[in-house]
Structure formats: C-alpha cells, structure tokens
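Here's run.cif, which has mmCIF, C-alpha atoms and all ligand atoms:
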data_my_file
#
loop_
_atom_site.label_atom_id
_atom_site.label_comp_id
_atom_site.auth_asym_id
_atom_site.auth_seq_id
_atom_site.Cartn_x
_atom_site.Cartn_y
_atom_site.Cartn_z
CA MET A 29 -59.13 48.58 19.21
CA ASN A 30 -58.39 52.24 19.62
CA ILE A 31 -58.44 53.39 23.21
CA PRO A 32 -56.49 56.59 23.64
CA VAL A 33 -52.83 55.74 24.26
CA THR A 34 -52.43 57.20 27.73
CA SER A 35 -48.82 56.24 28.44
CA PRO A 36 -45.73 54.68 26.88
CA MET A 37 -46.52 51.55 28.95
CA ALA A 38 -50.04 51.31 27.43
CA ALA A 39 -48.58 51.72 23.94
CA SER A 40 -45.91 49.06 24.40
CA VAL A 41 -48.38 46.55 25.91
CA SER A 42 -50.77 47.08 22.97
CA ASP A 43 -47.96 46.70 20.42
CA ALA A 44 -46.66 43.51 22.04
CA LEU A 45 -50.19 42.04 22.35
CA ASP A 46 -50.99 42.70 18.73
CA ARG A 47 -47.83 40.85 17.61
CA MET A 48 -48.77 37.60 19.42
CA PRO A 49 -50.30 34.75 17.37
CA ARG A 50 -54.05 34.75 18.01
CA ALA A 51 -57.00 32.77 16.61
CA ARG A 52 -60.26 34.74 16.78
CA LEU A 53 -62.77 32.43 18.47
CA GLY A 54 -65.13 34.58 20.51
CA HIS A 55 -67.62 37.42 20.42
CA ALA A 56 -66.27 40.69 21.77
CA PRO A 57 -66.79 43.21 23.20
CA THR A 58 -69.02 41.45 25.71
CA PRO A 59 -71.84 43.60 27.12
CA ILE A 60 -71.99 45.29 30.51
CA ASP A 61 -75.38 44.96 32.23
CA SER A 62 -76.53 46.77 35.32
CA MET A 63 -77.81 44.94 38.41
CA PRO A 64 -79.94 47.60 40.11
CA ARG A 65 -81.96 45.37 42.47
CA MET A 66 -78.92 43.58 43.79
CA ALA A 67 -77.04 46.88 44.19
CA GLU A 68 -79.88 48.18 46.34
CA GLU A 69 -80.12 44.98 48.38
CA LEU A 70 -76.35 45.10 49.07
CA GLY A 71 -76.23 48.85 49.79
CA LEU A 72 -73.95 49.61 46.81
CA ALA A 73 -74.05 52.86 44.82
CA GLY A 74 -73.94 50.71 41.68
CA LEU A 75 -73.39 47.12 40.55
CA THR A 76 -72.71 46.02 36.97
CA VAL A 77 -71.74 42.73 35.37
CA LYS A 78 -69.33 42.23 32.46
CA ARG A 79 -70.93 39.36 30.56
CA ASP A 80 -67.94 37.20 29.69
CA ASP A 81 -70.34 34.26 29.87
CA CYS A 82 -71.45 35.65 26.47
CA THR A 83 -68.19 35.17 24.56
CA GLY A 84 -70.10 33.07 22.04
CA LEU A 85 -68.23 29.85 21.37
CA ALA A 86 -70.04 26.69 22.64
CA PHE A 87 -71.78 28.32 25.65
CA GLY A 88 -68.98 30.88 26.14
CA GLY A 89 -66.95 31.87 29.20
CA ASN A 90 -63.56 33.35 30.12
CA LYS A 91 -61.59 30.47 28.64
CA VAL A 92 -62.61 31.52 25.11
CA ARG A 93 -60.42 34.63 25.45
CA GLN A 94 -57.54 32.53 26.83
CA LEU A 95 -57.82 29.92 24.08
CA GLU A 96 -57.48 32.56 21.37
CA PHE A 97 -53.78 32.78 22.31
CA TYR A 98 -53.13 29.06 22.95
CA LEU A 99 -54.82 28.01 19.73
CA GLY A 100 -53.26 30.92 17.82
CA ASN A 101 -49.95 29.37 18.82
CA ALA A 102 -51.18 25.89 17.84
CA VAL A 103 -52.10 27.19 14.36
CA ALA A 104 -48.71 28.95 14.05
CA GLN A 105 -47.03 25.59 14.83
CA ASN A 106 -49.17 23.72 12.25
CA ALA A 107 -50.64 21.48 14.95
CA ASP A 108 -53.50 19.18 14.00
CA THR A 109 -54.47 17.87 17.47
CA VAL A 110 -54.98 19.73 20.77
CA LEU A 111 -54.39 18.07 24.18
CA ILE A 112 -55.68 19.47 27.46
CA THR A 113 -56.27 18.30 31.05
CA GLY A 114 -58.82 19.50 33.62
CA ALA A 115 -61.44 18.58 36.20
CA VAL A 116 -64.31 16.33 35.07
CA GLN A 117 -66.67 19.33 34.79
CA SER A 118 -63.95 21.64 33.39
CA ASN A 119 -65.16 24.51 31.20
CA PHE A 120 -61.63 24.96 29.84
CA VAL A 121 -61.52 21.49 28.28
CA ARG A 122 -65.04 21.88 26.82
CA LEU A 123 -64.02 25.17 25.22
CA ALA A 124 -60.66 23.79 24.04
CA ALA A 125 -62.65 21.05 22.28
CA ALA A 126 -64.94 23.66 20.70
CA GLY A 127 -62.01 25.90 19.73
CA ALA A 128 -60.10 22.98 18.22
CA ARG A 129 -63.16 21.90 16.22
CA SER A 130 -63.78 25.44 15.00
CA LEU A 131 -60.22 25.46 13.62
CA GLY A 132 -60.54 21.98 12.06
CA MET A 133 -58.35 20.21 14.64
CA ASP A 134 -58.71 16.99 16.60
CA ILE A 135 -59.00 17.07 20.41
CA HIS A 136 -57.87 14.84 23.31
CA ILE A 137 -59.13 15.65 26.80
CA GLN A 138 -57.81 14.22 30.09
CA LEU A 139 -60.37 14.42 32.92
CA GLU A 140 -59.03 14.49 36.50
CA GLU A 141 -60.94 13.33 39.58
CA ARG A 142 -60.59 16.66 41.43
CA VAL A 143 -63.92 16.86 43.29
CA PRO A 144 -64.70 14.10 45.85
CA ASN A 145 -67.94 12.11 46.18
CA GLN A 146 -69.59 13.01 42.91
CA THR A 147 -72.56 11.32 41.26
CA ALA A 148 -73.11 9.65 37.89
CA LEU A 149 -74.74 12.93 36.76
CA TYR A 150 -71.47 14.77 37.46
CA HIS A 151 -69.55 12.25 35.37
CA GLU A 152 -71.98 12.19 32.46
CA SER A 153 -73.86 15.47 32.04
CA GLY A 154 -72.99 19.19 31.78
CA ASN A 155 -69.55 19.76 30.28
CA VAL A 156 -68.85 16.02 29.90
CA LEU A 157 -71.87 15.66 27.60
CA LEU A 158 -70.61 18.62 25.55
CA ASP A 159 -67.07 17.12 25.38
CA LYS A 160 -68.61 13.96 23.93
CA ILE A 161 -70.87 15.83 21.48
CA LEU A 162 -67.77 17.70 20.28
CA GLY A 163 -66.20 14.30 19.60
CA ALA A 164 -63.25 14.63 22.00
CA THR A 165 -61.19 11.53 22.78
CA LEU A 166 -61.46 11.24 26.58
CA HIS A 167 -58.72 9.99 28.93
CA SER A 168 -58.92 9.87 32.70
CA TYR A 169 -56.41 10.78 35.41
CA PRO A 170 -57.03 9.64 39.00
CA ASP A 171 -55.45 12.55 40.92
CA GLY A 172 -56.89 16.07 40.71
CA GLU A 173 -54.13 17.74 42.75
CA ASP A 174 -51.10 16.55 40.78
CA GLU A 175 -50.74 19.25 38.11
CA SER A 176 -47.25 18.20 36.97
CA GLY A 177 -48.23 14.52 36.85
CA ALA A 178 -51.32 15.38 34.78
CA ASP A 179 -49.11 17.37 32.35
CA ARG A 180 -46.59 14.50 32.16
CA ARG A 181 -49.38 12.09 31.24
CA LEU A 182 -50.50 14.50 28.47
CA GLY A 183 -46.89 14.45 27.22
CA GLU A 184 -47.06 10.65 26.96
CA ILE A 185 -50.31 10.80 24.99
CA ALA A 186 -48.70 13.41 22.72
CA ASP A 187 -45.69 11.09 22.15
CA SER A 188 -47.95 8.27 21.01
CA LEU A 189 -49.87 10.66 18.72
CA ARG A 190 -46.53 11.73 17.16
CA GLN A 191 -45.75 8.08 16.47
CA GLU A 192 -49.03 7.93 14.53
CA GLY A 193 -47.85 10.88 12.42
CA LYS A 194 -49.94 13.53 14.21
CA SER A 195 -48.78 16.99 15.19
CA PRO A 196 -50.01 17.55 18.78
CA TYR A 197 -50.22 20.83 20.72
CA ILE A 198 -50.40 20.63 24.55
CA ILE A 199 -52.15 23.28 26.63
CA PRO A 200 -50.26 22.85 29.95
CA LEU A 201 -51.81 23.03 33.42
CA ALA A 202 -48.93 23.38 35.90
CA PRO A 203 -47.22 26.76 36.47
CA GLY A 204 -43.86 27.35 34.79
CA HIS A 205 -45.11 27.87 31.22
CA ALA A 206 -45.58 31.11 29.28
CA PRO A 207 -48.97 32.49 30.45
CA LEU A 208 -50.51 32.67 26.97
CA GLY A 209 -54.05 32.42 28.39
CA ALA A 210 -53.54 35.49 30.54
CA LEU A 211 -53.02 37.55 27.38
CA GLY A 212 -56.72 37.06 26.64
CA TYR A 213 -57.46 39.05 29.78
CA VAL A 214 -54.92 41.76 28.99
CA VAL A 215 -57.02 42.17 25.81
CA ALA A 216 -60.19 42.15 27.96
CA ALA A 217 -58.70 44.94 30.11
CA ARG A 218 -58.19 47.02 26.97
CA GLU A 219 -61.80 46.32 25.97
CA LEU A 220 -63.04 47.32 29.44
CA MET A 221 -61.04 50.57 29.33
CA GLU A 222 -62.80 51.44 26.07
CA GLN A 223 -66.16 50.68 27.66
CA PHE A 224 -65.36 52.76 30.78
CA ASP A 225 -64.22 55.56 28.50
CA SER A 226 -67.39 55.55 26.40
CA GLN A 227 -69.74 55.27 29.41
CA GLY A 228 -67.77 57.99 31.24
CA PHE A 229 -67.66 55.91 34.44
CA THR A 230 -65.22 53.51 36.13
CA PRO A 231 -66.37 51.35 39.07
CA ASP A 232 -64.42 51.47 42.34
CA GLU A 233 -63.90 47.71 42.53
CA ILE A 234 -63.92 44.83 40.03
CA VAL A 235 -64.54 41.33 41.47
CA LEU A 236 -63.79 38.01 39.77
CA ALA A 237 -62.97 34.34 40.38
CA SER A 238 -59.26 33.54 40.85
CA GLY A 239 -58.32 29.94 39.91
CA SER A 240 -55.29 29.24 37.71
CA GLY A 241 -54.83 33.02 37.84
CA HIS A 242 -54.75 33.64 34.08
CA THR A 243 -57.97 35.66 34.22
CA HIS A 244 -57.18 37.54 37.44
CA GLY A 245 -53.49 38.08 36.58
CA GLY A 246 -54.20 39.12 32.99
CA LEU A 247 -57.00 41.53 33.89
CA LEU A 248 -55.05 43.09 36.75
CA PHE A 249 -51.93 43.45 34.60
CA GLY A 250 -53.90 45.00 31.73
CA LEU A 251 -55.91 47.41 33.87
CA LYS A 252 -52.77 48.64 35.63
CA ALA A 253 -50.88 48.95 32.32
CA TYR A 254 -53.75 50.98 30.83
CA GLY A 255 -53.95 53.26 33.89
CA CYS A 256 -57.28 52.08 35.36
CA THR A 257 -58.21 53.40 38.81
CA ALA A 258 -60.40 50.44 39.89
CA THR A 259 -59.27 47.97 42.55
CA VAL A 260 -59.30 44.34 41.34
CA SER A 261 -60.41 41.70 43.88
CA GLY A 262 -59.82 38.02 43.22
CA ILE A 263 -62.02 35.49 45.04
CA CYS A 264 -60.29 32.14 45.64
CA VAL A 265 -62.09 29.20 44.03
CA ARG A 266 -59.28 26.63 43.97
CA ARG A 267 -56.68 27.17 46.70
CA PRO A 268 -56.34 29.35 49.82
CA ARG A 269 -55.13 32.95 49.79
CA ASP A 270 -51.60 32.07 51.03
CA ALA A 271 -51.05 29.95 47.91
CA GLN A 272 -52.95 32.25 45.53
CA VAL A 273 -51.07 35.50 46.31
CA PRO A 274 -47.66 34.18 45.11
CA ARG A 275 -49.38 32.59 42.09
CA ILE A 276 -50.86 35.93 40.96
CA THR A 277 -47.62 37.76 41.77
CA SER A 278 -45.62 35.44 39.52
CA ARG A 279 -48.34 35.37 36.82
CA CYS A 280 -48.04 39.15 36.47
CA GLN A 281 -44.25 38.97 36.19
CA GLU A 282 -44.52 36.15 33.62
CA ILE A 283 -46.92 38.28 31.53
CA ALA A 284 -44.44 41.19 31.66
CA ASP A 285 -41.63 38.82 30.55
CA LEU A 286 -43.74 37.35 27.74
CA LEU A 287 -44.70 40.80 26.41
CA GLY A 288 -41.21 42.24 27.00
CA VAL A 289 -42.50 45.19 29.06
CA ALA A 290 -42.10 46.37 32.67
CA ASN A 291 -44.49 44.84 35.22
CA PRO A 292 -47.05 47.52 36.22
CA VAL A 293 -48.44 45.43 39.13
CA SER A 294 -47.11 45.94 42.65
CA ASP A 295 -47.77 43.79 45.73
CA THR A 296 -50.40 46.23 47.03
CA ASP A 297 -52.47 45.78 43.82
CA ILE A 298 -52.97 42.08 44.58
CA ASN A 299 -56.19 41.70 46.59
CA ILE A 300 -57.24 38.12 47.25
CA TYR A 301 -60.00 36.78 49.53
CA ASP A 302 -60.69 33.17 50.48
CA ASP A 303 -63.51 33.50 52.99
CA VAL A 304 -66.04 31.63 50.79
CA LEU A 305 -63.70 28.87 49.52
CA ALA A 306 -64.52 26.12 52.06
CA PRO A 307 -64.98 23.18 51.84
CA GLY A 308 -62.88 23.38 48.65
CA TYR A 309 -62.75 23.42 44.85
CA GLY A 310 -66.05 22.54 43.20
CA GLN A 311 -67.86 22.15 46.52
CA MET A 312 -70.59 24.57 47.49
CA ASN A 313 -71.36 26.20 50.84
CA ASP A 314 -74.37 28.17 52.10
CA ALA A 315 -72.96 31.50 50.86
CA THR A 316 -72.52 30.05 47.35
CA ARG A 317 -76.06 28.65 47.26
CA ALA A 318 -77.44 32.01 48.47
CA ALA A 319 -75.45 33.86 45.77
CA ILE A 320 -76.91 31.62 43.04
CA LYS A 321 -80.46 32.28 44.24
CA MET A 322 -79.99 36.02 44.81
CA SER A 323 -78.46 36.62 41.35
CA ALA A 324 -81.09 34.53 39.58
CA GLN A 325 -84.10 35.78 41.48
CA SER A 326 -83.23 39.49 41.55
CA GLU A 327 -81.45 39.89 38.18
CA ALA A 328 -82.05 36.67 36.15
CA LEU A 329 -78.27 36.22 36.14
CA ILE A 330 -77.41 32.50 36.20
CA LEU A 331 -74.17 31.54 37.99
CA ASP A 332 -72.27 28.25 38.01
CA PRO A 333 -71.60 26.27 41.21
CA VAL A 334 -67.78 26.03 40.87
CA TYR A 335 -66.53 29.51 39.93
CA THR A 336 -68.98 32.39 39.50
CA ALA A 337 -71.22 31.55 42.47
CA LYS A 338 -68.16 31.59 44.74
CA ALA A 339 -66.98 34.85 43.17
CA MET A 340 -70.42 36.41 43.65
CA ALA A 341 -70.55 35.13 47.26
CA GLY A 342 -67.19 36.90 47.75
CA LEU A 343 -68.59 40.09 46.18
CA ILE A 344 -71.58 39.95 48.55
CA VAL A 345 -69.24 39.78 51.58
CA ARG A 346 -67.17 42.69 50.19
CA ALA A 347 -70.27 44.76 49.36
CA ARG A 348 -71.65 44.40 52.87
CA GLU A 349 -68.34 45.71 54.28
CA ALA A 350 -67.88 48.49 51.67
CA ALA A 351 -67.91 52.21 52.44
CA PRO A 352 -71.11 54.09 51.47
CA GLY A 353 -71.06 55.22 47.84
CA THR A 354 -68.97 52.25 46.59
CA SER A 355 -69.67 50.92 43.09
CA MET A 356 -68.65 47.43 41.95
CA MET A 357 -68.40 45.39 38.76
CA PHE A 358 -68.68 41.59 38.68
CA ILE A 359 -66.93 39.66 35.91
CA HIS A 360 -69.19 36.75 34.90
CA THR A 361 -66.64 34.22 33.65
CA GLY A 362 -69.21 31.64 32.42
CA GLY A 363 -69.24 27.98 33.45
CA THR A 364 -73.02 27.59 33.39
CA PRO A 365 -73.06 24.16 31.60
CA ALA A 366 -71.60 22.67 34.82
CA LEU A 367 -74.94 23.44 36.53
CA PHE A 368 -76.41 20.40 34.79
CA GLY A 369 -73.80 18.08 36.31
CA TYR A 370 -75.31 18.62 39.76
CA ALA A 371 -78.66 17.38 41.14
CA PRO A 372 -81.27 19.95 42.33
CA GLU A 373 -80.72 18.90 45.99
CA TYR A 374 -77.16 20.19 45.68
CA PHE A 375 -78.61 23.68 45.29
CA GLY A 376 -80.93 23.18 48.25
CA LEU A 377 -83.92 22.90 45.88
C1 LIG A 401 -66.24 29.62 34.56
C2 LIG A 401 -64.87 29.87 35.07
N1 LIG A 401 -64.66 30.99 35.78
C3 LIG A 401 -63.44 31.27 36.31
C4 LIG A 401 -62.37 30.41 36.14
C5 LIG A 401 -61.05 30.76 36.74
O1 LIG A 401 -60.22 31.28 35.73
P1 LIG A 401 -58.64 31.14 35.87
O2 LIG A 401 -58.32 29.69 35.79
O3 LIG A 401 -58.13 31.90 34.69
O4 LIG A 401 -58.25 31.74 37.18
C6 LIG A 401 -62.54 29.22 35.40
C7 LIG A 401 -61.44 28.27 35.23
O5 LIG A 401 -61.58 27.18 34.75
C8 LIG A 401 -63.83 28.96 34.84
O6 LIG A 401 -64.05 27.85 34.11
#
Have the structure of the file written as structure tokens, please.
Amino acid sequence: MNIPVTSPMAASVSDALDRMPRARLGHAPTPIDSMPRMAEELGLAGLTVKRDDCTGLAFGGNKVRQLEFYLGNAVAQNADTVLITGAVQSNFVRLAAAGARSLGMDIHIQLEERVPNQTALYHESGNVLLDKILGATLHSYPDGEDESGADRRLGEIADSLRQEGKSPYIIPLAPGHAPLGALGYVVAARELMEQFDSQGFTPDEIVLASGSGHTHGGLLFGLKAYGCTATVSGICVRRPRDAQVPRITSRCQEIADLLGVANPVSDTDINIYDDVLAPGYGQMNDATRAAIKMSAQSEALILDPVYTAKAMAGLIVRAREAAPGTSMMFIHTGGTPALFGYAPEYFGL
C-alpha cells in the first residue's frame, strides 16, 4: 500500500504493521458503494457503505481482516490446530474455521449459549451449518457471559490436544491479550485513507458496530494515526456504553503498545452510543427490524440481525439528529449467514 506518508506517526505505524506476521486470507480493498435513496430519506448530504461483508473468505466479514493477524501468528508458531470460542451463531468462529482450513489446519470451535430462548433453527442453521460443513470439531459451553471461563475451557482442550501430539493455537476471547485482531482494522484504516485520497472526499462521520472492540478500536486508531478528519461512531451491540468506553480506550492503548508507537487516540475521539442495544446481544428490537427492511428495500443492502442491523439502526438515529450537510459512511462488517438461523417471524415477516 502506498498512501502518502503524512506524518512520522503514519510512517511508524505502517512500518510496525508491515513487520507483524500476517496470513493473507481476504479480498481487499473492499469496495465503497453509495446509498443515495437512503441518504435522501435520512436527510444526509451523502451516505456510503464500505463493503467489508465482501472480504471474500467463506461469506466474508470483518473477522477475515482480524484473522489474518491471528492466523499469521499461528503459522509463525507452526501450529496445526486452531481453537476459538464464540456465540452459537458467531461469525468469528465460522471464519476461523474457514481461515484454518485455507491454511491446511484443523479447527476446534466452542459454542457458548449467549442468546436466551433460541430455536432449533438457531442451533442448527446459519453459521452452525457452515461450521459443520467446514469440518470443525464442536464443543459447547453453557455460559455466554463468562469470557475468562470460556478461555480457560479452551486451554483445557488445548492441553488434551498437546497430549495427542498436536500443536494448538488459541484465539482468546477475554480482554488482557495482545489485540492482534485490531491490527486488521489498522490496515483497513490505511486502505480507507487511500480510497478517500483517490475519490477526493472524506465523509464527516463513519459508523460501525462495536462488540469486542477490535474493529472499532483498530479503525479509530488507524484513522487517527493516518490523520483522518472523520469522526468514528461505535454502536454498542454487546454491552452498554459505560462498559464499552473503557474497553475501546484500553484497546487503543494496547494497539499502541503492540506496535511500539504513541497512542494517537484521545478520550474525545471515542464516541459510543447504546440507544439501540436493548434488549441485549443478539436480540432484535423495532429499530433493528426497521433498519433491515430500509437497507434492503431502498438499497438492496442485506444486514444481519446481531451486528450490522443494530449498527445501521444507530446510524439512522444519528442521521436524523445530524446537522444539515452531514455525510456519513457505514462499515458493513458482514454476518449475513446468521440471518438463516432466525425464523421469518423474528423479522416481523
Ligand atoms: C458481523 C460482525 N460485525 C461486527 C462485529 C463486531 O466486531 P468486534 O468484535 O471487532 O467489535 C462482529 C463480531 O463478531 C461481527 O461478527
């Protein structure tokens, strides 16, 4: 990539990024599409979407960029088996399975019961079907809120794999580990800066889902390091704002520590909204259902019920409150296979 080096900070971030182990798994750069009908309906001067649902590998999504750094590390350590934990309809575990297979590795997935009252369809279709087609060994974990416990259990599975002579690599869930996944979004920020440069236009505000914070933290860190003027707004999909703000704050510092550079993100850069989160992770509300229909019926843009529909519902709230002349970009982070784990009634259809 060759965006103009605008500052010593940009140069040192690029140098550090390019030294990290990385396995190329996805298609990039992902396209930017315009959403003219929705922009008009929302009273925006412009609305575009960065199509990170089109990163290529096994139905794509944001986690492909993150996995390039985790699995790059796994390859550097000569691992032969990848272990990961996530919700039953997790996109991350599906893509870890695909990434592992594309590098000739074995894959163990632990599925956590994180979303209450789900149907047989939820437990069998969508991402679960893909996990099985990819030949993952599935384990289950009863508690979806116990990140450290879920990681500990993965550690036990890894121990037994070692006893069988395998060389396992764990992708951890709980905070407190090097944020390798976030580096994928520092790279995405560099890609976006090139795209803004060649189109001669930068939107005022970029809106995306904020869950583990690797995507939000990485993108925010990268855009600030590369001198971008856009505001970045994270929409809570997993936990309320009070818990998400410190998570993104520490993610950004962890990225700086990992890359060995100064942290370009200050507290005032961290914008987080949780007004469309209720009733909780993986559970829709009227605003989410309306966002799915509006995006599909005005722009043929398909959103998923867990992440991107909530993020788009958050964008719709922000757009309706925005000053005249505001332009926005939505980051479509993927997740569409999860649609097929929910019955039509769930969408009000
Ligand atoms: C489709 C999709 N969008 C957004 C996110 C949130 O990304 P992050 O966990 O990096 O905050 C996820 C996380 O699993 C996801 O699968």
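Near Leu251 in chain A, within 8 Å and counting all atoms listed in the file, sit Val214, Ala217, Arg218 and Met221 of chain A; same-chain residues fewer than 6 positions away were not included.
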For those residues, write C-alpha atoms to a file as a CSV table (one decimal), keeping the file's coordinate frame.
chain,number,residue,atom,x,y,z
A,214,VAL,CA,-54.9,41.8,29.0
A,217,ALA,CA,-58.7,44.9,30.1
A,218,ARG,CA,-58.2,47.0,27.0
A,221,MET,CA,-61.0,50.6,29.3
Glu152 in chain A: which residues within 12 Å, counting only C-alpha atoms, same-chain residues fewer than 2 positions away excluded, as an mmCIF file with C-alpha atoms, keeping the file's coordinate frame?
data_model
loop_
_atom_site.group_PDB
_atom_site.id
_atom_site.type_symbol
_atom_site.label_atom_id
_atom_site.label_comp_id
_atom_site.auth_asym_id
_atom_site.auth_seq_id
_atom_site.Cartn_x
_atom_site.Cartn_y
_atom_site.Cartn_z
ATOM 1 C CA VAL A 116 -64.310 16.330 35.070
ATOM 2 C CA GLN A 117 -66.670 19.330 34.790
ATOM 3 C CA LEU A 139 -60.370 14.420 32.920
ATOM 4 C CA GLN A 146 -69.590 13.010 42.910
ATOM 5 C CA THR A 147 -72.560 11.320 41.260
ATOM 6 C CA ALA A 148 -73.110 9.650 37.890
ATOM 7 C CA LEU A 149 -74.740 12.930 36.760
ATOM 8 C CA TYR A 150 -71.470 14.770 37.460
ATOM 9 C CA GLY A 154 -72.990 19.190 31.780
ATOM 10 C CA ASN A 155 -69.550 19.760 30.280
ATOM 11 C CA VAL A 156 -68.850 16.020 29.900
ATOM 12 C CA LEU A 157 -71.870 15.660 27.600
ATOM 13 C CA LEU A 158 -70.610 18.620 25.550
ATOM 14 C CA ASP A 159 -67.070 17.120 25.380
ATOM 15 C CA LYS A 160 -68.610 13.960 23.930
ATOM 16 C CA ILE A 161 -70.870 15.830 21.480
ATOM 17 C CA ALA A 366 -71.600 22.670 34.820
ATOM 18 C CA PHE A 368 -76.410 20.400 34.790
ATOM 19 C CA GLY A 369 -73.800 18.080 36.310
ATOM 20 C CA TYR A 370 -75.310 18.620 39.760
#
At most 6 Å from ligand LIG 401 (chain A) (only C-alpha atoms and all ligand atoms): residue list as a ChimeraX atom specification:
/A:89,119-120,237-244,335-336,361-363
Tell me which of A:Leu111, A:Ala347, A:Leu123, A:Val215 sits closest to Lys91 in chain A, counting only C-alpha atoms.
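Using only C-alpha atoms, Lys91 in chain A sits closest to A:Leu123.
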Just want the 10 Å neighbourhood of Ala306 in chain A, counted on only C-alpha atoms, with same-chain residues fewer than 2 positions away dropped. Output as JSON, numbers by chain.
{"A": [264, 265, 266, 267, 268, 302, 303, 304, 308, 309, 310, 311, 312, 313, 338]}
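Comparing the minimum interatomic distances between Arg346 in chain A and each of A:Asp295, A:Val260, A:Ile199, A:Ser323, counting all atoms listed in the file, we find that A:Val260 sits nearest.
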Pairwise distance, CA of Glu184 in chain A with CA of Gly114 in chain A, equals 16.2 Å
Which distance in Å separates CA of Thr83 in chain A and CA of Thr58 in chain A, to one decimal?
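Separating CA of Thr83 in chain A from CA of Thr58 in chain A is a distance of 6.4 Å.
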To one decimal place in Å, what is the distance between CA of Cys82 in chain A and CA of Leu45 in chain A?
22.6 Å
Show me as an mmCIF file with C-alpha atoms, keeping the file's coordinate frame the residues that reach within 7 Å of (-45.0, 41.0, 33.7), counting only C-alpha atoms and using the file's own coordinates.
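The new file point.cif reads:
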data_model
loop_
_atom_site.group_PDB
_atom_site.id
_atom_site.type_symbol
_atom_site.label_atom_id
_atom_site.label_comp_id
_atom_site.auth_asym_id
_atom_site.auth_seq_id
_atom_site.Cartn_x
_atom_site.Cartn_y
_atom_site.Cartn_z
ATOM 1 C CA CYS A 280 -48.040 39.150 36.470
ATOM 2 C CA GLN A 281 -44.250 38.970 36.190
ATOM 3 C CA GLU A 282 -44.520 36.150 33.620
ATOM 4 C CA ILE A 283 -46.920 38.280 31.530
ATOM 5 C CA ALA A 284 -44.440 41.190 31.660
ATOM 6 C CA ASP A 285 -41.630 38.820 30.550
ATOM 7 C CA VAL A 289 -42.500 45.190 29.060
ATOM 8 C CA ALA A 290 -42.100 46.370 32.670
ATOM 9 C CA ASN A 291 -44.490 44.840 35.220
#
Smallest atom-to-atom distance to Ala206 in chain A: which of A:Ala164, A:Ser278, A:Lys194, A:Leu220, using all atoms listed in the file?
A:Ser278
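Considering the residues A:His205, A:Leu286, A:Ile298, A:Pro170 and counting all atoms listed in the file, Arg269 in chain A has its shortest atom-to-atom contact with A:Ile298.
In this comparison, which uses all atoms listed in the file, the residue of A:Ala319, A:Ile276, A:Met37, A:Met66 approaching Pro207 in chain A most closely is A:Ile276.
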Here is a test: counting only C-alpha atoms, which residue of A:Leu287, A:Ala324, A:Ala318, A:Val235 is nearest to Ser40 in chain A?
A:Leu287
So that I can check the surroundings of Cys256 in chain A, please list as an MDAnalysis selection string every protein, DNA and RNA residue that reaches within 12 Å of it, counting only C-alpha atoms and ignoring chain neighbours fewer than 3 positions away.
chainID A and resid 34:35 38 217:225 229:234 247:253 259:260 292:293 297
Polymer residues at most 8 Å from Ala51 in chain A, only C-alpha atoms, same-chain spacing of 4 or more positions, as a ChimeraX atom specification
/A:96-97,99-100,103
Box centre and edge lengths (Å, one decimal), axis-aligned, range 317-336 of chain A plus 4 Å each side, as JSON:
{"center_x": -75.3, "center_y": 33.0, "center_z": 42.3, "size_x": 25.6, "size_y": 21.9, "size_z": 20.3}
